[in-house]
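Single-structure report; data block below.
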Amino acid sequence: MGPQRLASFVANAAQYPFHWDRSVDAWERLANPGAIPLFPGCTQLLFAPSLGEEPFDTFAAPDDDVRLLYAIPVTPHENHLLAEHGREPFLSHVDEREIDLFAPRTD
């Protein structure tokens with residue numbers, strides 16, 4: 001049941017920019033997404049590009065290429081790193097501690 005709840009949560013989060021008629025850019029965070037299924041220690045949702053070598057995963061669309069953003073649950077500490085220090089310290093933290101951002105975690 002948890003994976004289904006998580007899929008529903010992510011689908012609802014994806015509609016956020018359309019519901020509020022605004023765009024969401026890379027490295028923005030949704031401050032109050034509600035309880036994130038399977039991620040009880042995560043309080044915000046980060047919209048980030050690919051964390052690999054290419055800055056964005058894309059797919060072709062009729063008007064222009066569409067850049068994909070991943071919805072990544074972040075803990076209060078990870079949010080602090082992003083808000084106060086930026087993405088490089090956040091990415092270093094994730095890399096040094098070998099954190100799998102897409103695996104359920106509590107802190």
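In the structure tokens, the first chain shown is A, the next is B, and so on; residue numbers restart at 1 for each chain, and ligands run from 1 in the order shown.
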
Using DSSP secondary structure from the backbone, list all helix (DSSP H, G or I) positions within chain A, as a PyMOL selection string. chain A and resi 2-14+16-19+76-85+87-96

Polymer residues at most 10 Å from region 78-80 of chain A, only C-alpha atoms, same-chain spacing of 3 or more positions, as a short mmCIF file (atom, residue, chain, number, x, y, z; two decimals) with N, CA and C atoms, in the first residue's frame:
```
data_model
loop_
_atom_site.label_atom_id
_atom_site.label_comp_id
_atom_site.auth_asym_id
_atom_site.auth_seq_id
_atom_site.Cartn_x
_atom_site.Cartn_y
_atom_site.Cartn_z
N ARG A 29 11.90 24.30 -3.61
CA ARG A 29 11.33 23.34 -2.66
C ARG A 29 9.88 23.69 -2.37
N ALA A 31 7.41 23.84 0.36
CA ALA A 31 7.64 23.94 1.80
C ALA A 31 6.68 23.11 2.64
N CYS A 42 11.04 13.37 6.29
CA CYS A 42 11.21 14.41 5.28
C CYS A 42 10.03 15.37 5.33
N THR A 43 10.34 16.67 5.36
CA THR A 43 9.31 17.68 5.55
C THR A 43 9.09 18.58 4.35
N GLN A 44 9.98 18.50 3.36
CA GLN A 44 9.82 19.31 2.16
C GLN A 44 10.10 18.47 0.94
N LEU A 45 9.66 18.99 -0.20
CA LEU A 45 9.86 18.29 -1.46
C LEU A 45 10.71 19.18 -2.36
N LEU A 46 11.86 18.66 -2.76
CA LEU A 46 12.79 19.38 -3.63
C LEU A 46 12.51 18.99 -5.07
N PRO A 73 12.11 13.99 -1.71
CA PRO A 73 11.84 14.36 -0.32
C PRO A 73 13.14 14.72 0.39
N VAL A 74 13.11 15.81 1.19
CA VAL A 74 14.31 16.21 1.92
C VAL A 74 13.99 16.35 3.41
N THR A 75 14.98 16.03 4.21
CA THR A 75 14.86 16.14 5.66
C THR A 75 15.04 17.61 6.08
N ALA A 83 18.85 25.74 1.87
CA ALA A 83 18.41 27.11 2.09
C ALA A 83 19.54 28.04 2.51
N GLU A 84 20.41 27.56 3.37
CA GLU A 84 21.44 28.42 3.95
C GLU A 84 22.79 28.35 3.24
N HIS A 85 23.06 27.22 2.56
CA HIS A 85 24.39 27.04 1.98
C HIS A 85 24.38 26.74 0.49
N GLY A 86 23.25 26.33 -0.07
CA GLY A 86 23.16 26.08 -1.50
C GLY A 86 23.28 24.63 -1.89
N ARG A 87 23.19 24.41 -3.18
CA ARG A 87 23.13 23.02 -3.66
C ARG A 87 24.44 22.26 -3.55
N PRO A 89 26.90 22.29 -1.14
CA PRO A 89 27.03 21.63 0.17
C PRO A 89 25.99 20.51 0.35
N PHE A 90 24.79 20.72 -0.17
CA PHE A 90 23.77 19.66 -0.11
C PHE A 90 24.24 18.42 -0.86
N LEU A 91 24.72 18.61 -2.08
CA LEU A 91 25.18 17.47 -2.88
C LEU A 91 26.40 16.81 -2.26
N HIS A 93 27.05 16.68 0.98
CA HIS A 93 26.49 15.95 2.13
C HIS A 93 25.92 14.61 1.67
N VAL A 94 25.13 14.65 0.61
CA VAL A 94 24.50 13.43 0.08
C VAL A 94 25.58 12.45 -0.39
N ASP A 107 15.81 10.23 8.34
CA ASP A 107 16.61 11.42 8.66
C ASP A 107 17.69 11.64 7.65
#
```

Leu68 (chain A): which residues within 12 Å, counting only C-alpha atoms, same-chain residues fewer than 3 positions away excluded, as a PDB file with C-alpha atoms, in the first residue's frame?
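As written to disk, around_0.pdb reads:
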```pdb
ATOM      1  CA  ALA A  14       3.184  17.307  -9.953  1.00  0.00           C
ATOM      2  CA  VAL A  24       8.562  25.524 -10.715  1.00  0.00           C
ATOM      3  CA  ASP A  25      12.250  25.757 -11.439  1.00  0.00           C
ATOM      4  CA  ALA A  26      15.152  23.500 -10.579  1.00  0.00           C
ATOM      5  CA  PHE A  47      12.362  19.727  -7.400  1.00  0.00           C
ATOM      6  CA  ALA A  48      15.772  18.959  -8.841  1.00  0.00           C
ATOM      7  CA  PRO A  49      17.249  18.163 -12.236  1.00  0.00           C
ATOM      8  CA  SER A  50      19.156  14.991 -12.877  1.00  0.00           C
ATOM      9  CA  LEU A  51      21.838  14.494 -10.255  1.00  0.00           C
ATOM     10  CA  GLU A  54      23.844  15.818 -17.578  1.00  0.00           C
ATOM     11  CA  PRO A  55      22.138  18.822 -15.980  1.00  0.00           C
ATOM     12  CA  PHE A  56      18.646  17.877 -17.212  1.00  0.00           C
ATOM     13  CA  ASP A  57      16.893  14.847 -18.578  1.00  0.00           C
ATOM     14  CA  THR A  58      14.694  16.005 -21.453  1.00  0.00           C
ATOM     15  CA  PHE A  59      12.181  14.761 -23.944  1.00  0.00           C
ATOM     16  CA  ALA A  60      11.144  16.361 -27.210  1.00  0.00           C
ATOM     17  CA  ASP A  65      12.219  20.278 -25.305  1.00  0.00           C
ATOM     18  CA  ALA A  71      10.544  15.245  -6.818  1.00  0.00           C
TER      19      ALA A  71
END
```

So which one's closest to Pro17 (chain A), A:Leu30, A:Phe39, A:Glu98, A:His77? Using only C-alpha atoms, please.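 That would be A:Leu30, the residue with the smallest distance to Pro17 (chain A).
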
Could you tell me how far CA of Gly41 (chain A) sits from CA of Pro76 (chain A), in Å to one decimal place?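 A separation of 7.9 Å between them.
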
From a backbone DSSP assignment, name each residue in chain A labelled strand (DSSP E or B), as a count of residues only. 19

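Checking A:Gln15, A:Arg105, A:Asp21, A:Phe9 one by one against Gly34 (chain A), counting only C-alpha atoms, you find the shortest gap at A:Phe9.
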
For Ile72 (chain A), which residue among A:Ala7, A:Pro40, A:Leu101, A:Trp27 is the nearest when counting only C-alpha atoms? A:Leu101

Spatial neighbours of Pro37 (chain A), max dist 7 Å, only C-alpha atoms, sep filter under 3 positions, as a ChimeraX atom specification: /A:2,5-6,40

Could those selected residues go to a file with C-alpha atoms, as a PDB file, in the first residue's frame?
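Saved the output as part-v4.pdb:
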```pdb
ATOM      1  CA  GLY A   2       2.899   2.413   0.717  1.00  0.00           C
ATOM      2  CA  ARG A   5       0.271   6.139  -1.615  1.00  0.00           C
ATOM      3  CA  LEU A   6       3.668   7.506  -2.639  1.00  0.00           C
ATOM      4  CA  PRO A  40       8.378  10.187   7.602  1.00  0.00           C
TER       5      PRO A  40
END
```

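The gap separating CA of Asp64 (chain A) from CA of Ser23 (chain A) is 15.7 Å, in Å to one decimal.
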
One number please: CA of Val10 (chain A) to CA of Phe102 (chain A), in Å, one decimal.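 So the two atoms, CA of Val10 (chain A) and CA of Phe102 (chain A), lie 12.3 Å apart.
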